[in-house]
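These notes concern the structure reproduced below.
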Amino acid sequence: MTSADVSERTQIAEGASSVPPANRHRAALEVAERLGLPLLFLALIVVFSILRPETFPTLANARTIATSQAVMAVSALALLFPLLAGRFDISVGANVGTASIATAAAMSNHHLPVAIAAGIGVLCGCLIGLVNGILVAYFGIDSIICTIGVATVLGGVVFAYTDGIPVSAGISPTLTNLSIQRVVGIPALFVIMVVLALTVWAVMARFTFGRQLAAIGSNEVAARLTGLPIRRLVLLSFVCSGLLSGGAGVMLVAAQGNGNPQVGGIAFLLPALAAVFLGATTIFPGRYNVPGTVIAILFVGTAVSGLTLMGAQTWITDVFNGTAVIVAVGAAAAFRRRRTGQQALGH
Amino acid sequence: MADSGPRGVTVVSSDAALTLEGFSKTYPGGKALDDVGFQIFPGSVHALLGGNGSGKSTLVKSLAGVQPADPGGWLSAGSATVATEHLSPTWARRHGLRFVHQNPAVFPGLTVAENIAMGSGFPGRLGVVARRQLRRRTQDLLDRFDIGVEPNELIDDLRPADRTMLAIARALQSPTHDVSAAISVLVLDEPTAALPEEEVAVLLASIRRTAKAGVAVLYISHRLDEVMEISDRVTVLRDGRHVVTEPMVGLAESDLVTYIVGRPLGQLRRESKRRSTKQTVVEVSHMSGGPLRDVSFRVHEGEIVGIAGLLGSGRSEILRALFGSYPVTGGTVKLQGKSVALRSAAQAMARGIAHVPENRDAESSFPDQPVQHNITAANLSPLTRLGWIKDAVEQRLAREAVKAFRIKAPDQAAPMSSLSGGNQQKVVLARWLSRKPVLLLLDEPTQGVDVGARADAYDIVRTAVSEGLSVLVVSSDLEELAAISDRVVILSGGRIKAEVSGPELTHHRLTELIFSTKELAP
Ligand SMILES: Nc1ncnc2c1ncn2[C@@H]1O[C@H](COP(=O)(O)OP(=O)(O)OP(=O)(O)O)[C@@H](O)[C@H]1O
Ligand SMILES: [Mg+2]
């Protein structure tokens, strides 16, 4: 091969110097796509600040949102691992709830030190993830059905254990104080969430594990034929999901000051679910990604907070979250099609 | 019929079935089509040729209206004319254009009748399917196209040629079930890429019949011999531009190659025998299981061994068994003198075996992942430390592969699915060769790969072979198999029936052997 014909036949380099209008238009579109959600987020803040200038644009409100959304963000991160491998973990909400009860009960009913109680919460999450992983990866049960089942069982077990009454006596103040402590002015729980998010981002984008999960999610047969141990990796994705759910459970006790059996389940999960799909429409459109997910969670939390300050009824939250999930999934699918050049079904 | 002059100066003729003018398509990475125009006439087969990524499929998708071309051009079909930006699937359908895209969508798990009905609607009332009517209608269609399958057969059980013909039949049936009444143009994007030689003949015959009935057929293929056999006229694209539209008579294969590649190309040639040593790399003894019956052979270091045979003779199964992805019930495999049990792809890879499977979309492509990840997918360990992927190293390796294989991609972070079919195949070849395997298993490695790239790919394989790589290759392209192999074994009914090498190894001899052993098969 001579270098002359290499240059003739390699990459499409034309159009770089003289960008046709169609291309410039497209480039603008691409930027708008990447930054769409962050811009929408800013617009939302501006609008609410104008409508409720005394209550909305305050440091206190920002901290409240940051603290309350920290738990939700970690739950959303938990969803990402199985999702990357093409599986759903619907049990994340129930898992978070169960881990929070385990943590609270360890302190309240068994008078264990806070560190051990937190460890029990996280371990509890991991075990649930392990069970999910075994059922999905080794017994071949459909992940959505399987984790809905597991979530329902967990809800029942939690109710049996607590009789539906919150576990609030004897919770260590070291833990509950996390909800009011700050690191350089930023709520501690939020800082913990950011650290976890950075870790998850690194694992997903820069470690072989994340790469391998993405391969499975993209084409499982091809992944097996490049030598990947599919079952083990899928199992691990659910364990990671459980690990983060457990962490979110501990953070939930810190944020609320008790273990509440009413928290957790599908309704709890919806904002997180909306966030992972909304997140996939931004920053790196067409892919599940960590920064997008975190921005999306804050977006959803801010919108709900703003609506509440506007005096909206509490049911607004459910309507908003439900709608957000549907819009997000639809948008994520559309972006993905555009990027990969595939067509929607039908004409 | 007025033919266009040289260099695409179109003499617009009113009896054309289809006239294209000024088709351009801009993707984020650049122009995939640049001002393409030509005419297609009723009752003739018109070949559309060009290298990988030259814009053939893009043109087809623009014609079909599924990915509209840039504004500025127009299309006329019969008496109707439409601007490119207003082309839609509905317009195309209404004006008698029918399409079978590269990788036609069939619905696995459904029957032939159900697959056909997916295109035209199920008969019946209020959503209750009239089964008997559906069957009868399907049978009519199958008869008309001479497809020897049953309406109730599962689509998965069909031979590839039948499946492709079914896709064509589905495209050709009109909503009124009156075939070809309103159909003026049939566009086929690489219908034969995944078909073995003997199946191709069946398909070509059916295409010729369709053309005889007055339909204009636009036919895309990388197999020049079949193109020359079937086409009346030919259009060649290169880098998205129109190169030539000419009648096929009087054109030699080398002329086509020159148009496609932009320069003449040497013949695929076997090298002298000197490099093969007597060192046995792999020795298969009495392998049985599935279609395989007592298969024994060996491959030496630095040798390319071809496997030829009819569809279903067990060719792919041998490769898959050696890669641990097909369970065998008997026999032994010795790799470099050591007995090995190969039960998974991972085990085979650990022993230095690499496998380029037959079906790219199902078995090797990660469509939504970046090209560079697709290149490094089977070979992450040299660029990772404690699980951390070194980005710069990965980028560099991918860039080298893109260059070595002349992969045409918008950029290496673009998703795999934005590459043309042939370029995706090159990505998969690059993925496995980068592992520097001891034994390379190639299953139809050049399907959909253009003539120029084919020569490039075999150059790269040959270089590796001269350094000691051994290759076991399955190909339905017997000419290619004869040209590149040192030795070819003929498989029939799961048994090795013959072996040819040396001067006896010719395209002609292989065809003869394959069809003569056919009757002997159990
Ligand atoms: N969705 C897309 N986004 C960006 N570039 C694309 C997209 N689809 C196709 N392309 C580019 O357009 C060019 C033409 O592709 P096309 O599929 O038409 O080639 P082709 O002639 O059909 O090749 P092959 O013979 O390999 O099938 C290629 O360089 C390809 O990378
Ligand atoms: Mg193509």
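Here, A, B, ... name the chains of the structure tokens in the order displayed, residue numbers run from 1 inside each chain, and ligands are numbered from 1 in the same displayed order.
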
### Query
Which residues form the shell of 8 Å around ligand 1 when you count only C-alpha atoms and all ligand atoms, given as a ChimeraX atom specification?
/A:11-12,338-342 /B:27-33,49-60,102,189-190,221-222,237,239-240,408-410,414,417-424,448-450

Selection file, N, CA and C atoms, as a compact mmCIF listing (two decimals), in the first residue's frame:
# COMPACT_ATOMS: atom_id res chain seq x y z
N GLN A 11 -9.96 8.16 6.22
CA GLN A 11 -11.11 8.85 6.78
C GLN A 11 -11.61 10.04 5.97
N ILE A 12 -12.88 10.31 6.15
CA ILE A 12 -13.49 11.43 5.47
C ILE A 12 -12.98 12.70 6.11
N ARG A 338 -30.97 8.38 16.84
CA ARG A 338 -30.34 9.38 16.01
C ARG A 338 -28.84 9.16 15.92
N ARG A 339 -28.25 8.84 17.08
CA ARG A 339 -26.81 8.71 17.14
C ARG A 339 -26.31 7.49 16.38
N THR A 340 -27.05 6.39 16.52
CA THR A 340 -26.58 5.16 15.88
C THR A 340 -27.16 5.02 14.48
N GLY A 341 -28.01 5.99 14.07
CA GLY A 341 -28.53 5.95 12.71
C GLY A 341 -29.53 4.84 12.47
N GLN A 342 -30.11 4.29 13.54
CA GLN A 342 -31.11 3.26 13.34
C GLN A 342 -32.49 3.88 13.26
N TYR B 27 -23.40 13.60 6.63
CA TYR B 27 -23.40 13.09 8.01
C TYR B 27 -22.47 13.96 8.84
N PRO B 28 -22.57 13.87 10.16
CA PRO B 28 -21.65 14.67 10.98
C PRO B 28 -20.19 14.50 10.55
N GLY B 29 -19.82 13.30 10.09
CA GLY B 29 -18.42 13.05 9.74
C GLY B 29 -18.04 13.55 8.35
N GLY B 30 -18.99 13.93 7.54
CA GLY B 30 -18.66 14.35 6.18
C GLY B 30 -19.75 13.93 5.22
N LYS B 31 -19.42 14.01 3.92
CA LYS B 31 -20.42 13.69 2.91
C LYS B 31 -20.36 12.22 2.53
N ALA B 32 -21.48 11.50 2.71
CA ALA B 32 -21.52 10.11 2.32
C ALA B 32 -21.95 9.97 0.87
N LEU B 33 -22.67 10.98 0.38
CA LEU B 33 -23.09 11.02 -1.03
C LEU B 33 -22.86 12.42 -1.52
N LEU B 49 -22.23 -0.52 -7.80
CA LEU B 49 -20.99 -1.01 -7.20
C LEU B 49 -20.23 0.12 -6.52
N GLY B 50 -19.29 -0.27 -5.66
CA GLY B 50 -18.46 0.72 -4.99
C GLY B 50 -17.82 0.10 -3.77
N GLY B 51 -16.72 0.67 -3.34
CA GLY B 51 -16.01 0.15 -2.18
C GLY B 51 -16.82 0.31 -0.91
N ASN B 52 -16.30 -0.23 0.18
CA ASN B 52 -17.00 -0.10 1.46
C ASN B 52 -17.06 1.36 1.86
N GLY B 53 -18.24 1.80 2.23
CA GLY B 53 -18.40 3.18 2.65
C GLY B 53 -18.46 4.16 1.50
N SER B 54 -18.68 3.65 0.29
CA SER B 54 -18.74 4.55 -0.86
C SER B 54 -20.11 5.20 -0.99
N GLY B 55 -21.07 4.75 -0.18
CA GLY B 55 -22.37 5.43 -0.17
C GLY B 55 -23.52 4.65 -0.77
N LYS B 56 -23.31 3.39 -1.08
CA LYS B 56 -24.37 2.59 -1.71
C LYS B 56 -25.60 2.47 -0.82
N SER B 57 -25.37 2.01 0.41
CA SER B 57 -26.51 1.84 1.32
C SER B 57 -27.14 3.18 1.65
N THR B 58 -26.32 4.21 1.75
CA THR B 58 -26.84 5.54 2.02
C THR B 58 -27.80 5.96 0.90
N LEU B 59 -27.40 5.67 -0.34
CA LEU B 59 -28.25 6.00 -1.48
C LEU B 59 -29.57 5.23 -1.40
N VAL B 60 -29.46 3.96 -1.05
CA VAL B 60 -30.66 3.12 -0.95
C VAL B 60 -31.59 3.68 0.14
N GLN B 102 -29.80 -3.95 3.32
CA GLN B 102 -28.71 -4.78 3.81
C GLN B 102 -29.18 -5.34 5.16
N ASP B 189 -30.05 -4.54 -1.54
CA ASP B 189 -28.75 -4.14 -0.99
C ASP B 189 -28.01 -5.38 -0.48
N GLU B 190 -27.03 -5.81 -1.21
CA GLU B 190 -26.19 -6.98 -0.88
C GLU B 190 -27.01 -8.19 -0.47
N SER B 221 -23.80 -5.46 -4.89
CA SER B 221 -23.04 -6.63 -4.48
C SER B 221 -21.56 -6.33 -4.58
N HIS B 222 -20.77 -7.07 -3.80
CA HIS B 222 -19.32 -6.96 -3.92
C HIS B 222 -18.75 -8.12 -4.73
N LEU B 237 -19.87 3.92 -7.65
CA LEU B 237 -19.65 5.06 -6.76
C LEU B 237 -18.27 4.93 -6.13
N ASP B 239 -16.20 7.02 -2.91
CA ASP B 239 -16.21 8.10 -1.91
C ASP B 239 -17.43 9.00 -2.06
N GLY B 240 -18.57 8.39 -2.32
CA GLY B 240 -19.81 9.15 -2.38
C GLY B 240 -20.07 9.83 -3.71
N LYS B 408 -12.84 2.96 7.11
CA LYS B 408 -13.39 4.27 6.82
C LYS B 408 -14.45 4.59 7.87
N ALA B 409 -14.10 5.51 8.77
CA ALA B 409 -15.03 5.85 9.85
C ALA B 409 -15.03 7.36 10.02
N PRO B 410 -16.20 7.94 10.40
CA PRO B 410 -16.25 9.39 10.64
C PRO B 410 -15.17 9.79 11.64
N ALA B 414 -16.90 7.26 16.94
CA ALA B 414 -18.26 7.12 16.41
C ALA B 414 -18.76 5.70 16.69
N SER B 417 -22.24 1.24 14.54
CA SER B 417 -23.34 1.13 13.59
C SER B 417 -23.33 2.24 12.55
N SER B 418 -22.52 3.28 12.74
CA SER B 418 -22.47 4.32 11.72
C SER B 418 -21.48 3.96 10.61
N LEU B 419 -20.79 2.81 10.75
CA LEU B 419 -19.89 2.37 9.69
C LEU B 419 -20.65 1.55 8.65
N SER B 420 -20.15 1.56 7.43
CA SER B 420 -20.75 0.72 6.41
C SER B 420 -20.44 -0.74 6.75
N GLY B 421 -21.24 -1.65 6.19
CA GLY B 421 -21.12 -3.07 6.52
C GLY B 421 -19.71 -3.61 6.37
N GLY B 422 -19.07 -3.31 5.25
CA GLY B 422 -17.74 -3.85 5.01
C GLY B 422 -16.72 -3.31 5.99
N ASN B 423 -16.89 -2.04 6.39
CA ASN B 423 -15.95 -1.47 7.35
C ASN B 423 -16.12 -2.08 8.73
N GLN B 424 -17.35 -2.44 9.07
CA GLN B 424 -17.58 -3.14 10.34
C GLN B 424 -16.84 -4.48 10.32
N GLY B 448 -19.22 -9.07 2.24
CA GLY B 448 -19.53 -7.65 2.22
C GLY B 448 -18.30 -6.75 2.18
N VAL B 449 -17.11 -7.34 2.04
CA VAL B 449 -15.89 -6.53 1.99
C VAL B 449 -15.54 -6.28 0.53
N ASP B 450 -15.20 -5.04 0.18
CA ASP B 450 -14.97 -4.72 -1.23
C ASP B 450 -13.64 -5.30 -1.73

### Query
Which residues in stretch 174-323 of chain A does DSSP call strand (DSSP E)? List them as a PyMOL selection string.
chain A and resi 182-183+186-187

Take the residues from that selection and put them in a file with N, CA and C atoms, as a PDB file, in the first residue's frame.
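The resulting file, again-v3.pdb, is reproduced below:
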ATOM      1  N   ARG A 182     -21.652  20.162  57.481  1.00  0.00           N
ATOM      2  CA  ARG A 182     -21.247  20.667  56.178  1.00  0.00           C
ATOM      3  C   ARG A 182     -19.756  20.556  56.004  1.00  0.00           C
ATOM      4  N   VAL A 183     -19.341  20.375  54.777  1.00  0.00           N
ATOM      5  CA  VAL A 183     -17.938  20.419  54.416  1.00  0.00           C
ATOM      6  C   VAL A 183     -17.782  21.642  53.530  1.00  0.00           C
ATOM      7  N   ILE A 186     -20.829  22.871  52.106  1.00  0.00           N
ATOM      8  CA  ILE A 186     -21.665  21.952  51.327  1.00  0.00           C
ATOM      9  C   ILE A 186     -22.146  20.835  52.252  1.00  0.00           C
ATOM     10  N   PRO A 187     -23.448  20.480  52.193  1.00  0.00           N
ATOM     11  CA  PRO A 187     -23.969  19.420  53.059  1.00  0.00           C
ATOM     12  C   PRO A 187     -23.165  18.129  52.923  1.00  0.00           C
TER      13      PRO A 187
END

### Interatomic distance, atom CA of B:Thr506 to atom CA of B:Asp225 (Å, one decimal)
15.9 Å

### Message
If the cut-off is 8 Å, can you tell me the residues of chain B near chain A, counting only C-alpha atoms? I'd like them as a PyMOL selection string.
### Response
chain B and resi 26-31+66+89-90+239+325+344-347+349+362-369+377-378+380+384+387-391+403+406-411+415-418

### Spatial neighbours of stretch 45-47 of chain A, 10 Å, only C-alpha atoms, chain gap at least 5 places, as a list of chain:residue names
A:Leu39, A:Leu40, A:Arg52, A:Pro53, A:Phe56, A:Pro57, A:Phe299, A:Thr302, A:Ala303, A:Gly306

If you keep N, CA, C and O atoms, can you produce a file of those selected residues as a PDB file, in the first residue's frame?
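Everything below was put into out.pdb:
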ATOM      1  N   LEU A  39     -29.167  23.287  30.670  1.00  0.00           N
ATOM      2  CA  LEU A  39     -29.766  24.585  30.358  1.00  0.00           C
ATOM      3  C   LEU A  39     -31.201  24.663  30.880  1.00  0.00           C
ATOM      4  O   LEU A  39     -31.617  25.666  31.458  1.00  0.00           O
ATOM      5  N   LEU A  40     -31.916  23.560  30.694  1.00  0.00           N
ATOM      6  CA  LEU A  40     -33.290  23.492  31.187  1.00  0.00           C
ATOM      7  C   LEU A  40     -33.305  23.671  32.710  1.00  0.00           C
ATOM      8  O   LEU A  40     -34.166  24.345  33.281  1.00  0.00           O
ATOM      9  N   ARG A  52     -40.877  32.884  43.200  1.00  0.00           N
ATOM     10  CA  ARG A  52     -40.824  32.821  44.664  1.00  0.00           C
ATOM     11  C   ARG A  52     -39.496  33.377  45.155  1.00  0.00           C
ATOM     12  O   ARG A  52     -38.646  32.644  45.655  1.00  0.00           O
ATOM     13  N   PRO A  53     -39.301  34.704  44.984  1.00  0.00           N
ATOM     14  CA  PRO A  53     -37.984  35.291  45.284  1.00  0.00           C
ATOM     15  C   PRO A  53     -37.567  35.154  46.746  1.00  0.00           C
ATOM     16  O   PRO A  53     -36.372  35.125  47.039  1.00  0.00           O
ATOM     17  N   PHE A  56     -37.402  30.527  47.324  1.00  0.00           N
ATOM     18  CA  PHE A  56     -36.697  29.575  46.450  1.00  0.00           C
ATOM     19  C   PHE A  56     -35.193  29.811  46.318  1.00  0.00           C
ATOM     20  O   PHE A  56     -34.401  28.928  46.632  1.00  0.00           O
ATOM     21  N   PRO A  57     -34.755  31.028  45.905  1.00  0.00           N
ATOM     22  CA  PRO A  57     -33.317  31.177  45.653  1.00  0.00           C
ATOM     23  C   PRO A  57     -32.530  31.442  46.932  1.00  0.00           C
ATOM     24  O   PRO A  57     -31.774  32.405  47.021  1.00  0.00           O
ATOM     25  N   PHE A 299     -32.182  18.092  38.924  1.00  0.00           N
ATOM     26  CA  PHE A 299     -33.233  18.739  38.139  1.00  0.00           C
ATOM     27  C   PHE A 299     -34.610  18.333  38.657  1.00  0.00           C
ATOM     28  O   PHE A 299     -35.457  19.174  38.967  1.00  0.00           O
ATOM     29  N   THR A 302     -35.193  19.689  42.194  1.00  0.00           N
ATOM     30  CA  THR A 302     -35.433  21.129  42.193  1.00  0.00           C
ATOM     31  C   THR A 302     -36.837  21.451  41.695  1.00  0.00           C
ATOM     32  O   THR A 302     -37.531  22.312  42.263  1.00  0.00           O
ATOM     33  N   ALA A 303     -37.247  20.755  40.639  1.00  0.00           N
ATOM     34  CA  ALA A 303     -38.583  20.991  40.099  1.00  0.00           C
ATOM     35  C   ALA A 303     -39.645  20.692  41.144  1.00  0.00           C
ATOM     36  O   ALA A 303     -40.570  21.491  41.363  1.00  0.00           O
ATOM     37  N   GLY A 306     -39.556  23.342  43.871  1.00  0.00           N
ATOM     38  CA  GLY A 306     -40.145  24.591  43.391  1.00  0.00           C
ATOM     39  C   GLY A 306     -41.654  24.510  43.355  1.00  0.00           C
ATOM     40  O   GLY A 306     -42.352  25.413  43.821  1.00  0.00           O
TER      41      GLY A 306
END

### Task
Report the residues of stretch 86-210 of chain A whose backbone DSSP state falls under helix (DSSP H, G or I), written as a ChimeraX atom specification.
/A:92-108,114-138,143-162,173-179,188-206,208-210

#### Entry: Within 12 Å of A:Ala324 using only C-alpha atoms, minus same-chain residues under 6 positions, as a list in words
Leu270, Pro271, Ala272, Leu273, Ala274, Ala275, Val276, Phe277, Leu278, Gly279, Ala296, Ile297, Phe299, Val300, Gly301, Ala303, Val304, Ile316, Thr317, Asp318, Gly330, Ala331 and Ala332 of chain A

Keeping only N, CA, C and O atoms, write those residues as a CSV table (one decimal), in the first residue's frame.
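Written out: out.csv:
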chain,number,residue,atom,x,y,z
A,270,LEU,N,-39.1,5.8,41.4
A,270,LEU,CA,-39.4,6.5,40.1
A,270,LEU,C,-38.4,7.7,39.8
A,270,LEU,O,-38.0,7.8,38.7
A,271,PRO,N,-38.2,8.6,40.7
A,271,PRO,CA,-37.3,9.7,40.4
A,271,PRO,C,-35.9,9.2,40.0
A,271,PRO,O,-35.3,9.7,39.0
A,272,ALA,N,-35.4,8.2,40.6
A,272,ALA,CA,-34.1,7.6,40.3
A,272,ALA,C,-34.2,7.0,38.9
A,272,ALA,O,-33.2,7.2,38.1
A,273,LEU,N,-35.2,6.3,38.6
A,273,LEU,CA,-35.4,5.7,37.2
A,273,LEU,C,-35.4,6.8,36.2
A,273,LEU,O,-34.8,6.8,35.1
A,274,ALA,N,-36.2,7.9,36.5
A,274,ALA,CA,-36.3,9.0,35.6
A,274,ALA,C,-35.0,9.6,35.3
A,274,ALA,O,-34.6,9.9,34.2
A,275,ALA,N,-34.2,9.7,36.4
A,275,ALA,CA,-32.9,10.4,36.3
A,275,ALA,C,-31.9,9.6,35.4
A,275,ALA,O,-31.2,10.2,34.6
A,276,VAL,N,-31.9,8.2,35.5
A,276,VAL,CA,-30.9,7.5,34.7
A,276,VAL,C,-31.2,7.7,33.2
A,276,VAL,O,-30.3,7.8,32.4
A,277,PHE,N,-32.5,7.7,32.9
A,277,PHE,CA,-32.9,7.9,31.5
A,277,PHE,C,-32.7,9.3,31.0
A,277,PHE,O,-32.3,9.5,29.9
A,278,LEU,N,-33.2,10.3,31.9
A,278,LEU,CA,-32.9,11.7,31.5
A,278,LEU,C,-31.4,11.9,31.4
A,278,LEU,O,-31.0,12.6,30.5
A,279,GLY,N,-30.7,11.3,32.2
A,279,GLY,CA,-29.2,11.4,32.2
A,279,GLY,C,-28.6,10.9,30.9
A,279,GLY,O,-27.6,11.4,30.4
A,296,ALA,N,-29.6,15.1,36.4
A,296,ALA,CA,-31.0,14.8,36.2
A,296,ALA,C,-31.7,14.7,37.6
A,296,ALA,O,-32.8,15.2,37.8
A,297,ILE,N,-31.1,14.1,38.5
A,297,ILE,CA,-31.6,13.9,39.9
A,297,ILE,C,-31.9,15.3,40.5
A,297,ILE,O,-32.9,15.6,41.1
A,299,PHE,N,-32.2,18.1,38.9
A,299,PHE,CA,-33.2,18.7,38.1
A,299,PHE,C,-34.6,18.3,38.7
A,299,PHE,O,-35.5,19.2,39.0
A,300,VAL,N,-34.8,17.0,38.8
A,300,VAL,CA,-36.1,16.5,39.3
A,300,VAL,C,-36.4,17.0,40.7
A,300,VAL,O,-37.5,17.5,41.0
A,301,GLY,N,-35.4,17.0,41.6
A,301,GLY,CA,-35.6,17.4,42.9
A,301,GLY,C,-35.9,18.9,43.0
A,301,GLY,O,-36.8,19.3,43.8
A,303,ALA,N,-37.2,20.8,40.6
A,303,ALA,CA,-38.6,21.0,40.1
A,303,ALA,C,-39.6,20.7,41.1
A,303,ALA,O,-40.6,21.5,41.4
A,304,VAL,N,-39.5,19.6,41.8
A,304,VAL,CA,-40.5,19.2,42.8
A,304,VAL,C,-40.5,20.2,44.0
A,304,VAL,O,-41.5,20.6,44.5
A,316,ILE,N,-48.8,16.3,43.1
A,316,ILE,CA,-48.0,16.8,42.0
A,316,ILE,C,-46.7,16.0,41.8
A,316,ILE,O,-46.3,15.7,40.7
A,317,THR,N,-46.1,15.7,42.9
A,317,THR,CA,-44.8,15.0,42.9
A,317,THR,C,-44.9,13.7,42.1
A,317,THR,O,-44.1,13.4,41.3
A,318,ASP,N,-46.0,12.9,42.5
A,318,ASP,CA,-46.2,11.6,41.8
A,318,ASP,C,-46.4,11.8,40.3
A,318,ASP,O,-45.8,11.2,39.4
A,330,GLY,N,-38.5,7.9,26.5
A,330,GLY,CA,-38.8,8.2,25.1
A,330,GLY,C,-37.7,9.0,24.5
A,330,GLY,O,-37.2,8.7,23.4
A,331,ALA,N,-37.3,10.1,25.2
A,331,ALA,CA,-36.2,10.9,24.7
A,331,ALA,C,-34.9,10.2,24.6
A,331,ALA,O,-34.2,10.3,23.5
A,332,ALA,N,-34.6,9.3,25.6
A,332,ALA,CA,-33.3,8.6,25.5
A,332,ALA,C,-33.3,7.7,24.3
A,332,ALA,O,-32.3,7.6,23.6

### Task
Identify, on the basis of only C-alpha atoms, every residue whose closest approach to stretch 490-498 of chain B does not exceed 8 Å; exclude the query and any residue fewer than 3 positions from it along the same chain; express the result as a VMD selection string.
chain B and resid 291 to 296 307 to 310 312 to 315 510 513 to 514 517 to 518 521 to 522

Written selection (N, CA and C atoms) as a compact mmCIF listing (two decimals), in the first residue's frame:
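Written file, selection-v8.txt:
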# COMPACT_ATOMS: atom_id res chain seq x y z
N PRO B 291 -23.55 -31.90 13.33
CA PRO B 291 -23.45 -32.47 11.98
C PRO B 291 -22.12 -33.18 11.73
N LEU B 292 -21.15 -33.03 12.63
CA LEU B 292 -19.80 -33.53 12.38
C LEU B 292 -19.68 -35.03 12.63
N ARG B 293 -19.05 -35.73 11.70
CA ARG B 293 -18.86 -37.17 11.82
C ARG B 293 -17.39 -37.50 11.63
N ASP B 294 -16.73 -37.84 12.71
CA ASP B 294 -15.39 -38.39 12.62
C ASP B 294 -14.46 -37.51 11.78
N VAL B 295 -14.36 -36.27 12.14
CA VAL B 295 -13.54 -35.33 11.39
C VAL B 295 -12.11 -35.32 11.93
N SER B 296 -11.14 -35.59 11.07
CA SER B 296 -9.74 -35.53 11.47
C SER B 296 -8.94 -34.73 10.45
N ILE B 307 -11.65 -24.66 4.29
CA ILE B 307 -12.70 -25.68 4.42
C ILE B 307 -13.80 -25.31 3.45
N ALA B 308 -14.10 -26.22 2.52
CA ALA B 308 -15.16 -25.97 1.56
C ALA B 308 -16.25 -27.01 1.76
N GLY B 309 -17.44 -26.65 1.37
CA GLY B 309 -18.55 -27.59 1.50
C GLY B 309 -19.85 -26.87 1.33
N LEU B 310 -20.90 -27.65 1.17
CA LEU B 310 -22.22 -27.04 1.00
C LEU B 310 -22.72 -26.53 2.34
N GLY B 312 -24.64 -26.44 5.58
CA GLY B 312 -25.08 -27.54 6.42
C GLY B 312 -24.10 -28.69 6.47
N SER B 313 -22.95 -28.53 5.80
CA SER B 313 -21.99 -29.64 5.81
C SER B 313 -21.17 -29.64 7.09
N GLY B 314 -21.32 -28.63 7.92
CA GLY B 314 -20.62 -28.61 9.19
C GLY B 314 -19.39 -27.73 9.20
N ARG B 315 -19.25 -26.87 8.17
CA ARG B 315 -18.04 -26.04 8.09
C ARG B 315 -17.90 -25.13 9.30
N LEU B 510 -12.52 -27.27 -7.05
CA LEU B 510 -13.27 -27.22 -5.79
C LEU B 510 -14.77 -27.36 -6.06
N LEU B 513 -15.54 -30.94 -6.89
CA LEU B 513 -15.48 -31.83 -5.72
C LEU B 513 -16.69 -31.64 -4.82
N ILE B 514 -17.07 -30.39 -4.58
CA ILE B 514 -18.19 -30.12 -3.68
C ILE B 514 -19.46 -30.77 -4.21
N THR B 517 -19.29 -34.75 -4.32
CA THR B 517 -19.39 -35.45 -3.05
C THR B 517 -20.81 -35.33 -2.48
N LYS B 518 -21.59 -34.49 -3.09
CA LYS B 518 -22.94 -34.24 -2.59
C LYS B 518 -23.74 -35.54 -2.52
N ALA B 521 -23.05 -38.05 0.24
CA ALA B 521 -23.40 -37.71 1.63
C ALA B 521 -24.55 -38.57 2.12
N PRO B 522 -24.50 -38.97 3.39
CA PRO B 522 -25.57 -39.81 3.92
C PRO B 522 -26.88 -39.05 4.00
